[in-house]
$ cat final.json   # JSON, C-alpha atoms
[["chain", "number", "residue", "atom", "x", "y", "z"],
["A", 6, "MET", "CA", 0.00, 0.00, 0.00],
["A", 7, "ILE", "CA", 1.36, 3.43, -0.95],
["A", 8, "LEU", "CA", 0.84, 6.20, 1.61],
["A", 9, "ASP", "CA", 2.66, 9.05, -0.15],
["A", 10, "ASN", "CA", 5.13, 9.67, -2.96],
["A", 11, "LYS", "CA", 7.33, 12.52, -4.17],
["A", 12, "ARG", "CA", 9.73, 13.01, -7.12],
["A", 13, "LEU", "CA", 13.34, 14.01, -6.31],
["A", 14, "GLN", "CA", 16.04, 15.47, -8.54],
["A", 15, "LEU", "CA", 19.53, 15.18, -7.10],
["A", 16, "GLU", "CA", 22.53, 17.02, -8.53],
["A", 17, "LYS", "CA", 25.12, 16.20, -5.89],
["A", 18, "SER", "CA", 25.54, 14.12, -2.75],
["A", 19, "GLU", "CA", 28.22, 13.17, -0.24],
["A", 20, "SER", "CA", 26.85, 9.63, 0.01],
["A", 21, "ARG", "CA", 29.24, 6.72, 0.22],
["A", 22, "LEU", "CA", 26.83, 4.85, -2.05],
["A", 23, "GLY", "CA", 26.81, 4.89, -5.82],
["A", 24, "PHE", "CA", 25.64, 3.07, -8.93],
["A", 25, "THR", "CA", 27.91, 1.69, -11.61],
["A", 26, "THR", "CA", 27.49, -0.43, -14.73],
["A", 27, "THR", "CA", 29.61, -2.70, -16.87],
["A", 28, "GLY", "CA", 29.26, -3.86, -20.46],
["A", 29, "GLY", "CA", 28.53, -7.36, -21.64],
["A", 30, "SER", "CA", 28.18, -9.89, -24.44],
["A", 31, "GLY", "CA", 31.71, -9.51, -25.72],
["A", 32, "GLY", "CA", 31.51, -5.74, -25.88],
["A", 33, "ALA", "CA", 28.26, -5.68, -27.83],
["A", 34, "TRP", "CA", 26.50, -3.91, -24.94],
["A", 35, "LYS", "CA", 28.03, -0.78, -23.45],
["A", 36, "VAL", "CA", 25.76, -1.19, -20.42],
["A", 37, "TRP", "CA", 24.66, -4.62, -19.25],
["A", 38, "ASP", "CA", 25.24, -5.38, -15.54],
["A", 39, "ARG", "CA", 24.33, -2.92, -12.78],
["A", 40, "PHE", "CA", 25.80, -2.57, -9.30],
["A", 41, "ILE", "CA", 25.32, -0.62, -6.09],
["A", 42, "THR", "CA", 28.71, 0.47, -4.75],
["A", 43, "LEU", "CA", 29.99, 1.44, -1.30],
["A", 44, "ASP", "CA", 33.09, 3.63, -1.19],
["A", 45, "GLY", "CA", 33.71, 2.71, -4.82],
["A", 46, "GLU", "CA", 33.57, -1.06, -4.22],
["A", 47, "LYS", "CA", 30.77, -3.22, -5.59],
["A", 48, "LEU", "CA", 28.32, -3.94, -2.79],
["A", 49, "PHE", "CA", 25.38, -5.54, -4.65],
["A", 50, "HIS", "CA", 25.04, -6.94, -8.14],
["A", 51, "ILE", "CA", 21.52, -5.81, -9.00],
["A", 52, "GLY", "CA", 20.96, -7.60, -12.29],
["A", 53, "ASN", "CA", 21.18, -6.61, -15.93],
["A", 54, "ILE", "CA", 19.17, -4.61, -18.45],
["A", 55, "CYS", "CA", 17.89, -7.67, -20.35],
["A", 56, "GLY", "CA", 14.08, -7.67, -20.38],
["A", 57, "THR", "CA", 13.85, -11.41, -20.96],
["A", 58, "CYS", "CA", 16.62, -12.58, -18.60],
["A", 59, "ALA", "CA", 15.93, -13.80, -15.08],
["A", 60, "PHE", "CA", 15.95, -11.36, -12.16],
["A", 61, "PHE", "CA", 18.65, -11.76, -9.51],
["A", 62, "PHE", "CA", 20.55, -9.97, -6.78],
["A", 63, "ARG", "CA", 23.84, -10.86, -5.12],
["A", 64, "GLN", "CA", 25.66, -9.28, -2.20],
["A", 65, "LEU", "CA", 29.33, -8.96, -3.13],
["A", 66, "LYS", "CA", 30.72, -7.23, -0.03],
["A", 67, "ASN", "CA", 29.95, -8.45, 3.49],
["A", 68, "ASP", "CA", 32.63, -6.85, 5.69],
["A", 69, "ILE", "CA", 30.60, -3.73, 6.43],
["A", 70, "GLN", "CA", 29.48, -2.05, 9.64],
["A", 71, "GLY", "CA", 26.79, 0.40, 10.66],
["A", 72, "SER", "CA", 23.75, 1.61, 8.73],
["A", 73, "TYR", "CA", 22.56, 4.79, 7.12],
["A", 74, "ALA", "CA", 20.48, 6.03, 10.02],
["A", 75, "ILE", "CA", 20.41, 9.79, 10.49],
["A", 76, "ASP", "CA", 20.21, 10.79, 14.16],
["A", 77, "GLU", "CA", 18.13, 13.85, 13.35],
["A", 78, "LEU", "CA", 15.32, 11.61, 12.09],
["A", 79, "LYS", "CA", 15.75, 8.64, 14.41],
["A", 80, "GLU", "CA", 12.82, 9.48, 16.69],
["A", 81, "ASN", "CA", 10.42, 10.19, 13.81],
["A", 82, "LEU", "CA", 11.42, 6.98, 12.03],
["A", 83, "ASN", "CA", 10.91, 4.94, 15.20],
["A", 84, "LYS", "CA", 7.43, 6.43, 15.67],
["A", 85, "GLY", "CA", 6.58, 5.76, 12.03],
["A", 86, "VAL", "CA", 6.50, 8.36, 9.26],
["A", 87, "LYS", "CA", 3.00, 9.29, 8.09],
["A", 88, "SER", "CA", 3.89, 11.47, 5.07],
["A", 89, "LEU", "CA", 6.89, 12.63, 3.07],
["A", 90, "ASP", "CA", 7.59, 16.24, 4.01],
["A", 91, "ILE", "CA", 10.32, 18.35, 2.41],
["A", 92, "HIS", "CA", 12.41, 18.45, 5.62],
["A", 93, "THR", "CA", 12.55, 14.65, 5.88],
["A", 94, "LEU", "CA", 13.40, 14.20, 2.20],
["A", 95, "ASP", "CA", 16.10, 16.88, 2.30],
["A", 96, "ILE", "CA", 17.82, 15.07, 5.16],
["A", 97, "LEU", "CA", 17.47, 11.60, 3.67],
["A", 98, "SER", "CA", 18.72, 12.77, 0.27],
["A", 99, "LYS", "CA", 22.17, 13.00, 1.87],
["A", 100, "ILE", "CA", 22.44, 9.21, 1.88],
["A", 101, "LEU", "CA", 21.36, 8.76, -1.75],
["A", 102, "PRO", "CA", 23.78, 8.18, -4.62],
["A", 103, "ALA", "CA", 23.98, 11.11, -7.04],
["A", 104, "THR", "CA", 25.21, 8.92, -9.89],
["A", 105, "LYS", "CA", 23.99, 10.56, -13.10],
["A", 106, "PRO", "CA", 23.22, 9.00, -16.47],
["A", 107, "GLU", "CA", 25.23, 10.32, -19.40],
["A", 108, "ASP", "CA", 22.39, 12.37, -20.86],
["A", 109, "LYS", "CA", 21.52, 14.38, -17.69],
["A", 110, "ASN", "CA", 23.27, 16.56, -15.13],
["A", 111, "TYR", "CA", 21.06, 15.24, -12.31],
["A", 112, "CYS", "CA", 19.63, 11.92, -11.16],
["A", 113, "GLU", "CA", 16.01, 11.18, -10.35],
["A", 114, "TYR", "CA", 14.26, 9.23, -7.62],
["A", 115, "ASP", "CA", 10.69, 8.50, -6.72],
["A", 116, "ALA", "CA", 10.40, 8.54, -2.93],
["A", 117, "LEU", "CA", 7.66, 6.07, -1.98],
["A", 118, "LEU", "CA", 6.21, 5.79, 1.50],
["A", 119, "LEU", "CA", 4.85, 2.27, 1.67],
["A", 120, "GLU", "CA", 3.13, 0.09, 4.23],
["A", 121, "ILE", "CA", 4.74, -3.33, 3.85],
["A", 122, "ASN", "CA", 4.24, -6.84, 5.21],
["A", 123, "PRO", "CA", 7.66, -8.51, 5.14],
["A", 124, "HIS", "CA", 8.16, -12.23, 5.65],
["A", 125, "ILE", "CA", 11.54, -13.90, 5.81],
["A", 126, "THR", "CA", 12.78, -16.67, 3.58],
["A", 127, "ARG", "CA", 16.11, -18.13, 2.52],
["A", 128, "PHE", "CA", 17.63, -19.08, -0.78],
["A", 129, "ASN", "CA", 16.63, -22.64, -1.72],
["A", 130, "ASP", "CA", 14.20, -22.87, 1.21],
["A", 131, "LYS", "CA", 10.41, -22.76, 1.51],
["A", 132, "GLY", "CA", 9.03, -19.53, 0.09],
["A", 133, "ASP", "CA", 12.17, -18.77, -1.92],
["A", 134, "TYR", "CA", 11.16, -16.82, -5.06],
["A", 135, "PHE", "CA", 13.96, -18.30, -7.12],
["A", 136, "LYS", "CA", 13.08, -21.88, -6.23],
["A", 137, "GLU", "CA", 9.28, -21.65, -6.25],
["A", 138, "ASP", "CA", 8.35, -18.83, -8.65],
["A", 139, "GLN", "CA", 11.17, -17.99, -11.02],
["A", 140, "SER", "CA", 12.07, -21.60, -11.87],
["A", 141, "LYS", "CA", 8.67, -22.13, -13.51],
["A", 142, "LEU", "CA", 9.49, -19.61, -16.21],
["A", 143, "TRP", "CA", 13.28, -19.33, -16.30],
["A", 144, "TYR", "CA", 14.26, -22.97, -15.97],
["A", 145, "ASP", "CA", 17.83, -22.23, -17.10],
["A", 146, "ALA", "CA", 18.45, -19.38, -14.64],
["A", 147, "ASP", "CA", 21.92, -19.38, -13.11],
["A", 148, "GLU", "CA", 22.22, -20.84, -9.62],
["A", 149, "GLU", "CA", 24.37, -18.90, -7.18],
["A", 150, "THR", "CA", 25.51, -21.58, -4.75],
["A", 151, "ASP", "CA", 27.18, -19.01, -2.47],
["A", 152, "SER", "CA", 23.73, -17.57, -1.72],
["A", 153, "ILE", "CA", 22.07, -20.83, -0.63],
["A", 154, "GLY", "CA", 20.90, -20.46, 2.95],
["A", 155, "ALA", "CA", 21.13, -16.66, 2.99],
["A", 156, "ALA", "CA", 18.04, -14.85, 4.28],
["A", 157, "TYR", "CA", 16.06, -12.12, 2.56],
["A", 158, "TYR", "CA", 12.54, -10.78, 2.86],
["A", 159, "ARG", "CA", 9.58, -10.92, 0.53],
["A", 160, "GLY", "CA", 6.43, -8.85, 0.55],
["A", 161, "ILE", "CA", 2.98, -9.49, -0.89],
["A", 162, "ASP", "CA", 2.79, -10.54, -4.53],
["A", 163, "SER", "CA", 0.08, -8.81, -6.55],
["A", 164, "LYS", "CA", -1.30, -9.31, -10.04],
["A", 165, "ILE", "CA", -0.85, -6.37, -12.39],
["A", 166, "THR", "CA", -2.32, -7.60, -15.68],
["A", 167, "ASP", "CA", -3.56, -10.94, -16.95],
["A", 168, "ASN", "CA", 0.03, -12.02, -17.61],
["A", 169, "GLU", "CA", 2.13, -9.86, -15.25],
["A", 170, "LYS", "CA", 2.71, -10.01, -11.51],
["A", 171, "LEU", "CA", 4.56, -7.84, -9.00],
["A", 172, "TYR", "CA", 7.04, -9.43, -6.57],
["A", 173, "GLU", "CA", 8.40, -7.43, -3.63],
["A", 174, "PHE", "CA", 11.88, -8.01, -2.20],
["A", 175, "TYR", "CA", 13.57, -6.46, 0.84],
["A", 176, "ILE", "CA", 17.25, -7.27, 0.74],
["A", 177, "PRO", "CA", 19.29, -6.83, 3.94],
["A", 178, "LEU", "CA", 22.90, -5.84, 4.39],
["A", 179, "TYR", "CA", 22.98, -8.03, 7.50],
["A", 180, "GLN", "CA", 21.64, -11.50, 8.20],
["A", 181, "PRO", "CA", 19.19, -12.01, 11.11],
["A", 182, "GLU", "CA", 21.82, -13.79, 13.21],
["A", 183, "GLN", "CA", 24.02, -10.67, 13.02],
["A", 184, "LEU", "CA", 21.38, -8.44, 14.59],
["A", 185, "ASN", "CA", 21.05, -7.32, 18.21],
["A", 186, "MET", "CA", 18.08, -9.28, 19.56],
["A", 187, "GLU", "CA", 17.47, -6.74, 22.32],
["A", 188, "ARG", "CA", 16.88, -4.15, 19.63],
["A", 189, "VAL", "CA", 14.70, -6.56, 17.65],
["A", 190, "ASN", "CA", 12.57, -7.19, 20.74],
["A", 191, "TYR", "CA", 12.31, -3.44, 21.33],
["A", 192, "TYR", "CA", 10.68, -3.05, 17.92],
["A", 193, "ARG", "CA", 8.55, -6.16, 18.38],
["A", 194, "GLU", "CA", 7.00, -4.51, 21.43],
["A", 195, "LYS", "CA", 6.32, -1.31, 19.50],
["A", 196, "ILE", "CA", 4.76, -3.24, 16.63],
["A", 197, "ARG", "CA", 2.54, -5.20, 19.02],
["A", 198, "LYS", "CA", 1.18, -1.83, 20.24],
["A", 199, "GLY", "CA", 0.19, -0.89, 16.68],
["A", 200, "ILE", "CA", 3.18, 1.34, 15.89],
["A", 201, "LYS", "CA", 4.56, 1.03, 12.35],
["A", 202, "PRO", "CA", 8.20, 2.19, 12.52],
["A", 203, "THR", "CA", 9.85, 3.26, 9.28],
["A", 204, "ALA", "CA", 12.78, 1.64, 7.49],
["A", 205, "ILE", "CA", 14.72, 3.08, 4.52],
["A", 206, "SER", "CA", 15.75, 1.43, 1.26],
["A", 207, "LEU", "CA", 17.37, 2.16, -2.08],
["A", 208, "SER", "CA", 15.39, 0.39, -4.77],
["A", 209, "VAL", "CA", 15.13, -0.64, -8.40],
["A", 210, "VAL", "CA", 12.28, -2.23, -10.35],
["A", 211, "ASP", "CA", 12.86, -4.59, -13.26],
["A", 212, "ALA", "CA", 10.20, -5.83, -15.67],
["A", 213, "LYS", "CA", 11.19, -9.32, -16.82],
["A", 214, "THR", "CA", 9.29, -11.43, -19.37],
["A", 215, "SER", "CA", 10.18, -15.07, -19.90],
["A", 216, "MET", "CA", 10.65, -16.38, -23.44],
["A", 217, "ILE", "CA", 11.93, -19.84, -22.51],
["A", 218, "TYR", "CA", 9.26, -21.61, -20.46],
["A", 219, "ILE", "CA", 8.34, -25.07, -21.71],
["A", 220, "ASP", "CA", 4.63, -25.07, -20.89],
["A", 221, "GLU", "CA", 2.21, -22.16, -20.64],
["A", 222, "PRO", "CA", 1.78, -21.54, -16.90],
["A", 223, "ALA", "CA", -1.65, -22.36, -15.53],
["A", 224, "ASP", "CA", -2.12, -18.86, -14.14],
["A", 225, "GLY", "CA", -1.06, -17.20, -17.39],
["A", 226, "ILE", "CA", 1.70, -15.19, -15.70],
["A", 227, "THR", "CA", 4.78, -14.89, -17.92],
["A", 228, "GLY", "CA", 6.04, -11.49, -16.77],
["A", 229, "HIS", "CA", 7.52, -10.62, -13.37],
["A", 230, "TRP", "CA", 7.95, -7.09, -12.11],
["A", 231, "CYS", "CA", 10.65, -7.44, -9.48],
["A", 232, "PHE", "CA", 10.74, -4.54, -7.00],
["A", 233, "ALA", "CA", 14.03, -4.92, -5.15],
["A", 234, "ASN", "CA", 14.57, -2.81, -2.02],
["A", 235, "TYR", "CA", 18.14, -2.76, -0.73],
["A", 236, "MET", "CA", 17.89, -1.95, 2.97],
["A", 237, "LEU", "CA", 19.90, 1.06, 4.16],
["A", 238, "ASP", "CA", 18.39, 1.35, 7.63],
["A", 239, "GLY", "CA", 15.78, -0.57, 9.63],
["A", 240, "HIS", "CA", 17.15, -4.12, 9.69],
["A", 241, "HIS", "CA", 15.92, -4.66, 13.27],
["A", 242, "LYS", "CA", 12.52, -3.22, 12.39],
["A", 243, "MET", "CA", 12.23, -5.50, 9.36],
["A", 244, "TYR", "CA", 13.11, -8.64, 11.30],
["A", 245, "ALA", "CA", 10.75, -7.66, 14.14],
["A", 246, "ALA", "CA", 7.88, -7.15, 11.67],
["A", 247, "ALA", "CA", 8.57, -10.53, 10.07],
["A", 248, "LEU", "CA", 8.55, -12.26, 13.47],
["A", 249, "GLU", "CA", 5.33, -10.50, 14.51],
["A", 250, "LYS", "CA", 3.72, -10.98, 11.08],
["A", 251, "LYS", "CA", 2.55, -7.37, 11.16],
["A", 252, "PRO", "CA", 3.19, -4.37, 8.90],
["A", 253, "ILE", "CA", 5.70, -1.57, 9.19],
["A", 254, "THR", "CA", 6.41, 1.38, 6.89],
["A", 255, "LEU", "CA", 9.22, 1.90, 4.41],
["A", 256, "ILE", "CA", 10.61, 4.94, 2.61],
["A", 257, "SER", "CA", 11.79, 3.44, -0.65],
["A", 258, "PHE", "CA", 13.98, 5.61, -2.87],
["A", 259, "LEU", "CA", 13.32, 4.19, -6.32],
["A", 260, "THR", "CA", 15.98, 5.10, -8.88],
["A", 261, "ARG", "CA", 14.52, 6.11, -12.22],
["A", 262, "ASP", "CA", 17.91, 6.07, -13.91],
["A", 263, "PHE", "CA", 19.00, 2.52, -13.05],
["A", 264, "SER", "CA", 15.64, 0.74, -12.97],
["A", 265, "TRP", "CA", 14.59, -1.28, -15.97],
["A", 266, "GLN", "CA", 11.46, 0.53, -17.19],
["A", 267, "VAL", "CA", 7.97, 0.63, -15.52],
["A", 268, "THR", "CA", 8.73, 3.06, -12.67],
["A", 269, "ASP", "CA", 5.62, 5.13, -13.41],
["A", 270, "GLN", "CA", 3.52, 2.01, -13.90],
["A", 271, "LEU", "CA", 4.71, 0.63, -10.57],
["A", 272, "ILE", "CA", 3.52, 3.72, -8.70],
["A", 273, "LYS", "CA", 0.21, 3.63, -10.56],
["A", 274, "HIS", "CA", -0.22, -0.02, -9.58],
["A", 275, "TYR", "CA", 0.48, 0.69, -5.89],
["A", 276, "ARG", "CA", -2.22, 3.33, -5.91],
["A", 277, "THR", "CA", -4.75, 0.60, -6.77],
["A", 278, "ILE", "CA", -3.76, -1.52, -3.74],
["A", 279, "LYS", "CA", -5.81, -0.90, -0.60]]

$ encode --input "final.json" --output "structure tokens"
Amino acid sequence: MILDNKRLQLEKSESRLGFTTTGGSGGAWKVWDRFITLDGEKLFHIGNICGTCAFFFRQLKNDIQGSYAIDELKENLNKGVKSLDIHTLDILSKILPATKPEDKNYCEYDALLLEINPHITRFNDKGDYFKEDQSKLWYDADEETDSIGAAYYRGIDSKITDNEKLYEFYIPLYQPEQLNMERVNYYREKIRKGIKPTAISLSVVDAKTSMIYIDEPADGITGHWCFANYMLDGHHKMYAAALEKKPITLISFLTRDFSWQVTDQLIKHYRTIK
């Protein structure tokens, strides 16, 4: 459910985060793979620009510490943000990458305030998107054995058209076993009282359509819109919400420059969800 949204144009930033791309297919594609970077090093591989290839994400750097919390907003985030005011967005824009595409002197984001219902799963386990959903359509998708057993969060899948479906992902920097359980329990108590604390993510959306499935799927779905939220702050909140099976809120900064199409359509779709 979308509670609010605003468009941002960013010309500069002191963020340690960035986006970068590399070419592919023997030099035939100037841009193919996309990455989120931290201090110039590749942090996440966030897929490629191929509209018929399988969606994926991979964490490439694990020796990191801290989060992107901003003390000035800590109290408001813990209480739960109700709308996206200019003051909040100005402060949070400091943590956003200002990586610009070649044809513009600024980068663009859609700031989405969402109510989300995260549930935890693990690669190759029950509820794993790649094992249970993707494999029906992309039967030759690459398997990343290093990821097996790693935890991530999924949201609520929703049908967009007769042959397209939205899948929500919340991808942590830290695994649940790395978190402070006292802090997790602190948020569990808040959530039990009906509070919906706010987490922060940097996100991309990719529209992927399979061309290789053997049999027409029974539900007719051949296209997956994969909305991938890379968590910058709120790991304890996310885990607490998953354990309580109750919603929290998320400010998702959706990059328009490094997403693969359908950013406007995604927002329009969220407006139809009650």

$ residues_near_point --input "final.json" --point "(21.6, 9.9, -10.9)" --cutoff "9 Å" --atoms "all atoms listed in the file" --output "PDB file with C-alpha atoms, in the coordinates of the input"
ATOM      1  CA  GLN A  14      16.040  15.470  -8.540  1.00  0.00           C
ATOM      2  CA  LEU A  15      19.530  15.180  -7.100  1.00  0.00           C
ATOM      3  CA  GLU A  16      22.530  17.020  -8.530  1.00  0.00           C
ATOM      4  CA  LYS A  17      25.120  16.200  -5.890  1.00  0.00           C
ATOM      5  CA  GLY A  23      26.810   4.890  -5.820  1.00  0.00           C
ATOM      6  CA  PHE A  24      25.640   3.070  -8.930  1.00  0.00           C
ATOM      7  CA  PRO A 102      23.780   8.180  -4.620  1.00  0.00           C
ATOM      8  CA  ALA A 103      23.980  11.110  -7.040  1.00  0.00           C
ATOM      9  CA  THR A 104      25.210   8.920  -9.890  1.00  0.00           C
ATOM     10  CA  LYS A 105      23.990  10.560 -13.100  1.00  0.00           C
ATOM     11  CA  PRO A 106      23.220   9.000 -16.470  1.00  0.00           C
ATOM     12  CA  LYS A 109      21.520  14.380 -17.690  1.00  0.00           C
ATOM     13  CA  ASN A 110      23.270  16.560 -15.130  1.00  0.00           C
ATOM     14  CA  TYR A 111      21.060  15.240 -12.310  1.00  0.00           C
ATOM     15  CA  CYS A 112      19.630  11.920 -11.160  1.00  0.00           C
ATOM     16  CA  GLU A 113      16.010  11.180 -10.350  1.00  0.00           C
ATOM     17  CA  TYR A 114      14.260   9.230  -7.620  1.00  0.00           C
ATOM     18  CA  THR A 260      15.980   5.100  -8.880  1.00  0.00           C
ATOM     19  CA  ARG A 261      14.520   6.110 -12.220  1.00  0.00           C
ATOM     20  CA  ASP A 262      17.910   6.070 -13.910  1.00  0.00           C
ATOM     21  CA  PHE A 263      19.000   2.520 -13.050  1.00  0.00           C
TER      22      PHE A 263
END

$ closest_atom_pairs --input "final.json" --of "segment 190-213 of chain A" --to "segment 118-125 of chain A" --cutoff "10 Å" --atoms "only C-alpha atoms" --output "Markdown table"
| residue | atom | partner | partner_atom | distance |
| --- | --- | --- | --- | --- |
| A:Lys201 | CA | A:Glu120 | CA | 8.3 |
| A:Pro202 | CA | A:Glu120 | CA | 9.9 |
| A:Thr203 | CA | A:Leu118 | CA | 9.0 |
| A:Ala204 | CA | A:Leu118 | CA | 9.8 |
| A:Ile205 | CA | A:Leu118 | CA | 9.4 |

$ closest_residue --input "final.json" --among "A:Arg12, A:Lys99, A:Arg159, A:Lys195" --to "Ala233 of chain A" --atoms "only C-alpha atoms"
A:Arg159

$ atom_distance --input "final.json" --atom1 "atom CA of Leu178 of chain A" --atom2 "atom CA of Asp130 of chain A"
19.4 Å

$ closest_residue --input "final.json" --among "A:Gly225, A:Gly85, A:Gly160, A:Gly199" --to "Lys141 of chain A" --atoms "all atoms listed in the file"
A:Gly225
